[in-house]
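Next up, work-v8.pdb (PDB, C-alpha atoms):
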```pdb
ATOM      1  CA  MET A   1     -10.561  -7.720 -38.936
ATOM      2  CA  SER A   2      -8.142  -7.639 -35.959
ATOM      3  CA  LYS A   3      -9.376  -6.616 -32.546
ATOM      4  CA  THR A   4      -8.159  -3.235 -31.235
ATOM      5  CA  LYS A   5      -5.532  -3.679 -28.526
ATOM      6  CA  GLU A   6      -6.609  -2.313 -25.139
ATOM      7  CA  LYS A   7      -4.354   0.418 -23.780
ATOM      8  CA  ILE A   8      -3.234   0.530 -20.168
ATOM      9  CA  SER A   9      -1.879   3.168 -17.780
ATOM     10  CA  ALA A  10       0.604   2.182 -15.079
ATOM     11  CA  LEU A  11       0.259   4.367 -11.974
ATOM     12  CA  ILE A  12       2.658   4.681  -9.018
ATOM     13  CA  ILE A  13       2.955   6.991  -6.006
ATOM     14  CA  THR A  14       6.398   7.681  -4.537
ATOM     15  CA  TYR A  15       8.273   9.299  -1.708
ATOM     16  CA  ASN A  16      12.009   8.572  -1.308
ATOM     17  CA  GLU A  17      11.906   5.286  -3.197
ATOM     18  CA  MET A  18      15.437   5.040  -4.626
ATOM     19  CA  GLY A  19      16.507   1.430  -4.382
ATOM     20  CA  TYR A  20      12.986   0.260  -5.231
ATOM     21  CA  ILE A  21      11.624   2.439  -8.008
ATOM     22  CA  GLN A  22      14.091   1.409 -10.733
ATOM     23  CA  LYS A  23      12.954  -2.238 -10.725
ATOM     24  CA  CYS A  24       9.325  -1.185 -10.524
ATOM     25  CA  ILE A  25       9.525   1.130 -13.549
ATOM     26  CA  ASP A  26      11.374  -1.490 -15.619
ATOM     27  CA  SER A  27       8.702  -4.082 -14.801
ATOM     28  CA  VAL A  28       5.790  -1.901 -16.018
ATOM     29  CA  SER A  29       7.525  -0.627 -19.150
ATOM     30  CA  PHE A  30       5.010  -2.597 -21.258
ATOM     31  CA  ALA A  31       2.268  -0.102 -20.287
ATOM     32  CA  ASP A  32       1.173   2.526 -22.812
ATOM     33  CA  GLU A  33       1.909   5.247 -20.272
ATOM     34  CA  ILE A  34       3.630   5.347 -16.881
ATOM     35  CA  ILE A  35       2.519   8.104 -14.516
ATOM     36  CA  VAL A  36       4.226   8.639 -11.168
ATOM     37  CA  VAL A  37       2.959  11.076  -8.538
ATOM     38  CA  ASP A  38       5.809  11.994  -6.216
ATOM     39  CA  SER A  39       5.287  13.722  -2.867
ATOM     40  CA  PHE A  40       8.486  15.803  -3.026
ATOM     41  CA  SER A  41      11.146  13.130  -2.552
ATOM     42  CA  THR A  42      14.532  14.234  -1.216
ATOM     43  CA  ASP A  43      16.637  11.167  -2.104
ATOM     44  CA  GLY A  44      16.902  11.563  -5.882
ATOM     45  CA  THR A  45      13.676   9.720  -6.753
ATOM     46  CA  TYR A  46      12.136  12.731  -8.486
ATOM     47  CA  GLU A  47      15.319  13.474 -10.457
ATOM     48  CA  TYR A  48      15.552   9.844 -11.590
ATOM     49  CA  LEU A  49      11.931   9.836 -12.724
ATOM     50  CA  SER A  50      12.224  13.225 -14.446
ATOM     51  CA  ALA A  51      15.073  11.913 -16.567
ATOM     52  CA  HIS A  52      13.324   8.665 -17.479
ATOM     53  CA  PRO A  53      12.086   8.740 -21.100
ATOM     54  CA  LYS A  54       9.016   6.564 -20.436
ATOM     55  CA  VAL A  55       7.770   8.275 -17.272
ATOM     56  CA  LYS A  56       5.521  11.263 -16.698
ATOM     57  CA  VAL A  57       6.201  12.461 -13.150
ATOM     58  CA  ILE A  58       4.034  14.933 -11.231
ATOM     59  CA  GLN A  59       4.803  16.347  -7.809
ATOM     60  CA  HIS A  60       1.826  16.577  -5.462
ATOM     61  CA  PRO A  61       1.768  17.039  -1.666
ATOM     62  CA  PHE A  62       0.925  13.933   0.362
ATOM     63  CA  THR A  63      -1.973  14.110   2.833
ATOM     64  CA  ASN A  64      -2.860  10.429   3.056
ATOM     65  CA  PHE A  65      -2.777   7.359   0.819
ATOM     66  CA  THR A  66      -6.403   7.539  -0.249
ATOM     67  CA  LEU A  67      -6.234  11.166  -1.394
ATOM     68  CA  GLN A  68      -2.881  10.632  -3.115
ATOM     69  CA  LYS A  69      -4.089   7.572  -4.997
ATOM     70  CA  SER A  70      -7.371   9.242  -5.924
ATOM     71  CA  TYR A  71      -5.423  12.170  -7.385
ATOM     72  CA  THR A  72      -3.113   9.795  -9.250
ATOM     73  CA  LEU A  73      -6.024   7.827 -10.706
ATOM     74  CA  LYS A  74      -7.409  11.019 -12.231
ATOM     75  CA  GLN A  75      -4.166  11.492 -14.197
ATOM     76  CA  ALA A  76      -4.577   8.261 -16.183
ATOM     77  CA  THR A  77      -5.362   8.650 -19.870
ATOM     78  CA  HIS A  78      -6.584   5.089 -20.427
ATOM     79  CA  ASP A  79      -9.486   3.250 -18.824
ATOM     80  CA  TRP A  80      -7.500   0.152 -17.879
ATOM     81  CA  VAL A  81      -5.185   1.010 -15.002
ATOM     82  CA  LEU A  82      -2.394  -0.978 -13.374
ATOM     83  CA  PHE A  83      -1.770   0.578  -9.949
ATOM     84  CA  VAL A  84       1.421  -0.656  -8.281
ATOM     85  CA  ASP A  85       3.429   0.456  -5.277
ATOM     86  CA  ALA A  86       6.985   1.647  -5.817
ATOM     87  CA  ASP A  87       8.359  -1.449  -4.065
ATOM     88  CA  GLU A  88       6.367  -3.885  -6.214
ATOM     89  CA  VAL A  89       7.573  -5.643  -9.360
ATOM     90  CA  VAL A  90       5.530  -7.192 -12.179
ATOM     91  CA  SER A  91       7.100 -10.439 -13.376
ATOM     92  CA  ASP A  92       7.134 -11.390 -17.065
ATOM     93  CA  ALA A  93       4.535 -14.079 -16.381
ATOM     94  CA  LEU A  94       2.242 -11.585 -14.629
ATOM     95  CA  LYS A  95       2.763  -9.062 -17.443
ATOM     96  CA  ASP A  96       1.632 -11.671 -19.981
ATOM     97  CA  GLU A  97      -1.419 -12.526 -17.858
ATOM     98  CA  ILE A  98      -2.356  -8.843 -17.498
ATOM     99  CA  LEU A  99      -2.176  -8.199 -21.236
ATOM    100  CA  ALA A 100      -4.026 -11.411 -22.105
ATOM    101  CA  THR A 101      -6.739 -10.572 -19.569
ATOM    102  CA  ILE A 102      -7.537  -7.035 -20.709
ATOM    103  CA  ASN A 103      -7.434  -8.040 -24.379
ATOM    104  CA  ASN A 104      -9.732 -11.030 -23.977
ATOM    105  CA  ASN A 105     -13.138  -9.299 -23.793
ATOM    106  CA  THR A 106     -13.318  -9.790 -20.033
ATOM    107  CA  ASP A 107     -16.535  -8.977 -18.189
ATOM    108  CA  CYS A 108     -14.596  -8.203 -14.998
ATOM    109  CA  VAL A 109     -13.857  -4.553 -14.258
ATOM    110  CA  ALA A 110     -11.273  -5.133 -11.491
ATOM    111  CA  TYR A 111      -8.760  -7.814 -10.542
ATOM    112  CA  TRP A 112      -7.202  -8.884  -7.275
ATOM    113  CA  PHE A 113      -3.497  -9.728  -7.223
ATOM    114  CA  TYR A 114      -1.932 -12.070  -4.706
ATOM    115  CA  ARG A 115       1.524 -10.922  -3.613
ATOM    116  CA  LYS A 116       4.848 -12.652  -3.020
ATOM    117  CA  PHE A 117       6.646 -10.847  -0.186
ATOM    118  CA  MET A 118      10.405 -10.369  -0.254
ATOM    119  CA  PHE A 119      12.649  -9.682   2.732
ATOM    120  CA  GLN A 120      15.458  -7.932   0.860
ATOM    121  CA  ASN A 121      16.084 -10.631  -1.778
ATOM    122  CA  GLU A 122      14.706 -13.617   0.136
ATOM    123  CA  PRO A 123      11.056 -14.719   0.107
ATOM    124  CA  LEU A 124       8.777 -14.502   3.130
ATOM    125  CA  ASN A 125       6.494 -17.489   2.875
ATOM    126  CA  PHE A 126       4.407 -16.998   6.014
ATOM    127  CA  SER A 127       4.321 -14.248   8.710
ATOM    128  CA  GLY A 128       0.622 -13.545   8.174
ATOM    129  CA  TRP A 129       0.796 -12.603   4.509
ATOM    130  CA  GLN A 130       0.060 -15.944   2.854
ATOM    131  CA  THR A 131      -3.386 -14.842   1.710
ATOM    132  CA  ASP A 132      -2.676 -11.137   1.158
ATOM    133  CA  LYS A 133      -4.292  -9.756  -1.966
ATOM    134  CA  ASN A 134      -5.037  -6.290  -3.345
ATOM    135  CA  TYR A 135      -6.816  -4.692  -6.269
ATOM    136  CA  ARG A 136      -4.120  -3.664  -8.734
ATOM    137  CA  LEU A 137      -5.747  -3.875 -12.178
ATOM    138  CA  PHE A 138      -9.084  -2.166 -12.884
ATOM    139  CA  ARG A 139     -11.102   0.071 -15.151
ATOM    140  CA  LYS A 140     -10.806   3.715 -14.100
ATOM    141  CA  SER A 141     -14.431   4.349 -15.068
ATOM    142  CA  LYS A 142     -15.735   1.633 -12.718
ATOM    143  CA  VAL A 143     -13.911   2.337  -9.453
ATOM    144  CA  SER A 144     -13.235   4.915  -6.777
ATOM    145  CA  PHE A 145     -11.199   4.962  -3.579
ATOM    146  CA  SER A 146     -13.296   4.952  -0.414
ATOM    147  CA  ASP A 147     -12.959   8.107   1.690
ATOM    148  CA  LYS A 148     -13.485   6.053   4.861
ATOM    149  CA  LYS A 149      -9.858   4.906   5.025
ATOM    150  CA  ILE A 150      -6.654   6.928   4.769
ATOM    151  CA  VAL A 151      -4.164   4.026   4.962
ATOM    152  CA  HIS A 152      -4.530   0.563   3.397
ATOM    153  CA  GLU A 153      -7.006   2.280   1.114
ATOM    154  CA  THR A 154     -10.169   0.509  -0.051
ATOM    155  CA  LEU A 155     -11.364   0.396  -3.645
ATOM    156  CA  ASN A 156     -15.091   0.647  -4.391
ATOM    157  CA  VAL A 157     -15.820  -1.417  -7.487
ATOM    158  CA  ASN A 158     -18.932  -1.051  -9.639
ATOM    159  CA  GLY A 159     -18.974  -4.418 -11.373
ATOM    160  CA  LYS A 160     -17.551  -7.921 -11.351
ATOM    161  CA  SER A 161     -14.108  -8.728  -9.898
ATOM    162  CA  GLY A 162     -11.632 -11.472 -10.749
ATOM    163  CA  ILE A 163      -8.317 -12.804  -9.436
ATOM    164  CA  LEU A 164      -5.149 -13.215 -11.473
ATOM    165  CA  LYS A 165      -3.121 -16.412 -11.013
ATOM    166  CA  GLU A 166       0.377 -14.939 -11.154
ATOM    167  CA  LYS A 167       1.654 -13.090  -8.077
ATOM    168  CA  LEU A 168       2.939  -9.545  -7.773
ATOM    169  CA  THR A 169       6.377  -9.415  -6.146
ATOM    170  CA  HIS A 170       6.514  -7.044  -3.173
ATOM    171  CA  TYR A 171       9.946  -5.992  -1.883
ATOM    172  CA  CYS A 172       8.535  -5.004   1.475
ATOM    173  CA  TYR A 173      11.783  -4.946   3.486
ATOM    174  CA  LYS A 174      14.841  -2.914   2.441
ATOM    175  CA  ASN A 175      16.452  -2.639   5.880
ATOM    176  CA  TYR A 176      15.405  -2.490   9.529
ATOM    177  CA  GLU A 177      15.201   1.301   9.900
ATOM    178  CA  ASP A 178      13.334   1.750   6.618
ATOM    179  CA  TYR A 179      10.674  -0.837   7.508
ATOM    180  CA  LYS A 180      10.392   0.419  11.093
ATOM    181  CA  ALA A 181       9.786   3.973   9.850
ATOM    182  CA  LYS A 182       7.145   2.676   7.448
ATOM    183  CA  MET A 183       5.292   0.750  10.169
ATOM    184  CA  LEU A 184       5.379   3.721  12.556
ATOM    185  CA  SER A 185       4.057   5.997   9.822
ATOM    186  CA  TYR A 186       1.226   3.561   9.036
ATOM    187  CA  GLY A 187       0.415   3.381  12.751
ATOM    188  CA  ARG A 188       0.100   7.161  13.020
ATOM    189  CA  LEU A 189      -2.136   7.308   9.953
ATOM    190  CA  LYS A 190      -4.337   4.552  11.380
ATOM    191  CA  ALA A 191      -4.617   6.607  14.589
ATOM    192  CA  LYS A 192      -5.875   9.586  12.575
ATOM    193  CA  GLU A 193      -8.365   7.293  10.885
ATOM    194  CA  ASP A 194      -9.613   6.103  14.293
ATOM    195  CA  PHE A 195      -9.755   9.667  15.604
ATOM    196  CA  TYR A 196     -11.810  10.948  12.668
ATOM    197  CA  ARG A 197     -14.214   8.021  13.084
ATOM    198  CA  GLU A 198     -14.504   8.841  16.803
ATOM    199  CA  SER A 199     -13.138   5.438  17.799
ATOM    200  CA  PRO A 200     -11.898   6.158  21.355
ATOM    201  CA  TYR A 201      -8.496   5.341  22.809
ATOM    202  CA  ASN A 202      -8.541   2.268  25.039
ATOM    203  CA  VAL A 203      -5.528   1.337  27.172
ATOM    204  CA  LEU A 204      -6.464  -2.353  26.895
ATOM    205  CA  TYR A 205      -6.266  -2.119  23.119
ATOM    206  CA  MET A 206      -2.793  -0.580  23.397
ATOM    207  CA  ILE A 207      -1.661  -3.465  25.608
ATOM    208  CA  PHE A 208      -3.344  -6.437  23.985
ATOM    209  CA  LYS A 209      -3.724  -5.631  20.270
ATOM    210  CA  PRO A 210       0.020  -5.371  19.487
ATOM    211  CA  ALA A 211       0.640  -8.541  21.521
ATOM    212  CA  TRP A 212      -2.165 -10.323  19.684
ATOM    213  CA  LYS A 213      -0.852  -9.202  16.289
ATOM    214  CA  PHE A 214       2.601 -10.574  17.076
ATOM    215  CA  PHE A 215       1.211 -13.873  18.397
ATOM    216  CA  ASN A 216      -1.207 -14.205  15.495
ATOM    217  CA  HIS A 217       1.383 -13.544  12.777
ATOM    218  CA  TYR A 218       4.380 -15.241  14.368
ATOM    219  CA  ILE A 219       2.697 -18.322  15.840
ATOM    220  CA  LEU A 220      -0.746 -18.847  14.293
ATOM    221  CA  ARG A 221       0.201 -17.561  10.829
ATOM    222  CA  LEU A 222       3.531 -19.399  11.011
ATOM    223  CA  GLY A 223       5.963 -16.483  10.957
ATOM    224  CA  ILE A 224       8.226 -18.695  13.059
ATOM    225  CA  LEU A 225       8.869 -20.763   9.923
ATOM    226  CA  ASP A 226      10.363 -17.681   8.252
ATOM    227  CA  GLY A 227      13.156 -17.727  10.843
ATOM    228  CA  LYS A 228      14.827 -14.475  11.827
ATOM    229  CA  LYS A 229      13.093 -12.701   8.923
ATOM    230  CA  GLY A 230       9.701 -13.686  10.319
ATOM    231  CA  LEU A 231      10.608 -12.573  13.843
ATOM    232  CA  THR A 232      11.731  -9.158  12.577
ATOM    233  CA  ILE A 233       8.668  -8.587  10.390
ATOM    234  CA  CYS A 234       6.168  -9.757  13.029
ATOM    235  CA  TYR A 235       7.794  -7.598  15.720
ATOM    236  CA  LEU A 236       7.786  -4.463  13.554
ATOM    237  CA  ASN A 237       4.186  -5.038  12.438
ATOM    238  CA  ALA A 238       3.177  -5.276  16.103
ATOM    239  CA  LEU A 239       5.177  -2.112  16.820
ATOM    240  CA  GLY A 240       3.082  -0.331  14.195
ATOM    241  CA  ASP A 241      -0.055  -1.314  16.113
ATOM    242  CA  LEU A 242       1.458  -0.016  19.353
ATOM    243  CA  GLU A 243       2.259   3.300  17.668
ATOM    244  CA  ARG A 244      -1.343   3.494  16.466
ATOM    245  CA  TYR A 245      -2.690   3.589  20.033
ATOM    246  CA  ARG A 246       0.082   5.831  21.344
ATOM    247  CA  GLU A 247      -0.742   8.344  18.636
ATOM    248  CA  LEU A 248      -4.483   8.048  19.202
ATOM    249  CA  LYS A 249      -3.938   8.868  22.882
ATOM    250  CA  LYS A 250      -1.917  11.953  21.900
ATOM    251  CA  LEU A 251      -4.584  13.114  19.443
ATOM    252  CA  GLU A 252      -7.319  12.811  22.056
ATOM    253  CA  LYS A 253      -5.281  14.706  24.659
ATOM    254  CA  LYS A 254      -4.495  17.434  22.150
ATOM    255  CA  ASN A 255      -8.177  17.680  21.238
ATOM    256  CA  GLU A 256      -9.193  17.918  24.915
ATOM    257  CA  LEU A 257      -6.631  20.660  25.532
ATOM    258  CA  THR A 258      -7.860  22.631  22.532
ATOM    259  CA  TYR A 259     -11.444  22.284  23.745
ATOM    260  CA  TYR A 260     -10.644  23.662  27.226
ATOM    261  CA  LEU A 261      -8.579  26.511  25.807
ATOM    262  CA  VAL A 262     -11.399  27.742  23.587
ATOM    263  CA  MET A 263     -14.130  27.364  26.193
ATOM    264  CA  PRO A 264     -15.553  30.754  27.331
TER
END
```

Structure translated into structure tokens:
Amino acid sequence: MSKTKEKISALIITYNEMGYIQKCIDSVSFADEIIVVDSFSTDGTYEYLSAHPKVKVIQHPFTNFTLQKSYTLKQATHDWVLFVDADEVVSDALKDEILATINNNTDCVAYWFYRKFMFQNEPLNFSGWQTDKNYRLFRKSKVSFSDKKIVHETLNVNGKSGILKEKLTHYCYKNYEDYKAKMLSYGRLKAKEDFYRESPYNVLYMIFKPAWKFFNHYILRLGILDGKKGLTICYLNALGDLERYRELKKLEKKNELTYYLVMP
């Protein structure tokens, strides 16, 4: 008697992802369902997804990454979930490993993926991301997203984890302005995270942490070996850290002003 094939849901969140999303959707077309939650894109992403025969697209307002991904996870029909970003691509080799893994009576409930970073169409081999890995494949019934983080969300896993051998391809850099906007946005979300956790603004952090991030990624983590690509990525990542502390300072000042205005 043949074993029943495990079904899998591919989940993606999007906002203005034209130029990325087409490759991503093609690469997960092996999934039994593809669900995309779009936060009201204005660049044609929603229209493209709406017309795609294999995609179920839902529009839902974006508050932060954790809430958006938690909402998206609830939409999955199947227990096995493949959660990818719109700028990530599953290679044929990784697809085969995913399907073999979930259909092989595994006792793991979640899997880490290492990622291969792409600067446009050229690989980034260093720049601090050599050991980057994320949960991308897991059982819906065994996980939840932690409410303690709103960017670079954390997955709580109730069970054993594993690591897949094949890497997920991440097209992290489309162009300078796109990546800069992404890093600034991440920085502002991290500031909100700090503010909600009552982690106070510190001028020394604003001075030294961005400088340390650049030095760490460009020198210690060998971004210099990625050439001009490495310099650009390491600078913009450090800029995101600088924006984090600028925004945290603004949030604290705004909170102080509100406090004095409402005092009797």

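In this model, the gap between atom CA of A:Val143 and atom CA of A:Gly128 comes to 27.8 Å.
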
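One finds atom CA of A:Phe119 at 8.6 Å from atom CA of A:Asn175.
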
>> Need the shell around A:Pro53: protein/DNA/RNA residues with any atom at most 12 Å away, counting all atoms listed in the file. Skip same-chain ones fewer than 6 positions apart. Format as a count of residues only?
In response: 6

> Quick one: distance from atom CA of A:Lys182 to atom CA of A:Phe65 in Å, one decimal?
Replying inline: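 We find that atom CA of A:Lys182 and atom CA of A:Phe65 lie 12.8 Å from each other.
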
>> the PyMOL selection byres ((chain A and resi 81) around 9) - which residues does that actually catch in the file I just gave you? List them as a list in words.
In response: Lys7, Ile8, Ser9, Ala10, Leu11, Leu73, Ala76, His78, Asp79, Trp80, Leu82, Phe83, Arg136, Leu137, Phe138, Arg139 and Lys140 of chain A

>> Please expand the PyMOL selection byres ((chain A and resi 184-200) around 6) into the concrete residues it hits in this file, giving the result as a PyMOL selection string.
In response: chain A and resi 181-183+201+240-241+243-244+247-248

>> Give me, as a list in words, all polymer residues having an atom no more than 10 Å from A:Lys23, counting all atoms listed in the file and skipping those fewer than 5 positions away in the same chain.
In response: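 Near A:Lys23, the qualifying residues are Met18, Val28, Ala86, Asp87, Glu88, Val89 and Val90 of chain A.
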
> Which polymer residues have any atom within 8 Å of an atom of A:Val109, counting only C-alpha atoms, with same-chain residues fewer than 5 positions away left out, as a count of residues only?
Replying inline: 8

>> I want to know what sits within 7 Å of stretch 214-229 of chain A, based on only C-alpha atoms, with residues of the same chain fewer than 2 positions away left out; could you give that as a list in words?
In response: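 My reading of the contact set: Phe119, Leu124, Asn125, Phe126, Ser127, Gly128, Pro210, Ala211, Trp212, Leu231, Thr232, Ile233, Cys234, Tyr235 and Ala238 of chain A.
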
N, CA and C atoms for stretch 99-110 of chain A, written as a PDB file, keeping the file's coordinate frame, could you do that?
```
ATOM      1  N   LEU A  99      -1.865  -8.576 -19.857  1.00  0.00           N
ATOM      2  CA  LEU A  99      -2.176  -8.199 -21.236  1.00  0.00           C
ATOM      3  C   LEU A  99      -3.198  -9.146 -21.857  1.00  0.00           C
ATOM      4  N   ALA A 100      -3.058 -10.440 -21.574  1.00  0.00           N
ATOM      5  CA  ALA A 100      -4.026 -11.411 -22.105  1.00  0.00           C
ATOM      6  C   ALA A 100      -5.413 -11.157 -21.520  1.00  0.00           C
ATOM      7  N   THR A 101      -5.459 -10.793 -20.248  1.00  0.00           N
ATOM      8  CA  THR A 101      -6.739 -10.572 -19.569  1.00  0.00           C
ATOM      9  C   THR A 101      -7.491  -9.377 -20.137  1.00  0.00           C
ATOM     10  N   ILE A 102      -6.819  -8.240 -20.268  1.00  0.00           N
ATOM     11  CA  ILE A 102      -7.537  -7.035 -20.709  1.00  0.00           C
ATOM     12  C   ILE A 102      -7.860  -7.070 -22.199  1.00  0.00           C
ATOM     13  N   ASN A 103      -7.174  -7.946 -22.946  1.00  0.00           N
ATOM     14  CA  ASN A 103      -7.434  -8.040 -24.379  1.00  0.00           C
ATOM     15  C   ASN A 103      -8.295  -9.239 -24.744  1.00  0.00           C
ATOM     16  N   ASN A 104      -8.950  -9.807 -23.749  1.00  0.00           N
ATOM     17  CA  ASN A 104      -9.732 -11.030 -23.977  1.00  0.00           C
ATOM     18  C   ASN A 104     -11.220 -10.814 -23.705  1.00  0.00           C
ATOM     19  N   ASN A 105     -11.701  -9.583 -23.941  1.00  0.00           N
ATOM     20  CA  ASN A 105     -13.138  -9.299 -23.793  1.00  0.00           C
ATOM     21  C   ASN A 105     -13.670  -9.666 -22.417  1.00  0.00           C
ATOM     22  N   THR A 106     -12.914  -9.415 -21.385  1.00  0.00           N
ATOM     23  CA  THR A 106     -13.318  -9.790 -20.033  1.00  0.00           C
ATOM     24  C   THR A 106     -14.533  -9.002 -19.567  1.00  0.00           C
ATOM     25  N   ASP A 107     -15.392  -9.681 -18.763  1.00  0.00           N
ATOM     26  CA  ASP A 107     -16.535  -8.977 -18.189  1.00  0.00           C
ATOM     27  C   ASP A 107     -16.229  -8.480 -16.780  1.00  0.00           C
ATOM     28  N   CYS A 108     -15.019  -8.740 -16.298  1.00  0.00           N
ATOM     29  CA  CYS A 108     -14.596  -8.203 -14.998  1.00  0.00           C
ATOM     30  C   CYS A 108     -14.076  -6.779 -15.179  1.00  0.00           C
ATOM     31  N   VAL A 109     -14.327  -5.941 -14.185  1.00  0.00           N
ATOM     32  CA  VAL A 109     -13.857  -4.553 -14.258  1.00  0.00           C
ATOM     33  C   VAL A 109     -12.694  -4.297 -13.299  1.00  0.00           C
ATOM     34  N   ALA A 110     -12.376  -5.281 -12.443  1.00  0.00           N
ATOM     35  CA  ALA A 110     -11.273  -5.133 -11.491  1.00  0.00           C
ATOM     36  C   ALA A 110     -10.716  -6.514 -11.147  1.00  0.00           C
TER      37      ALA A 110
END
```
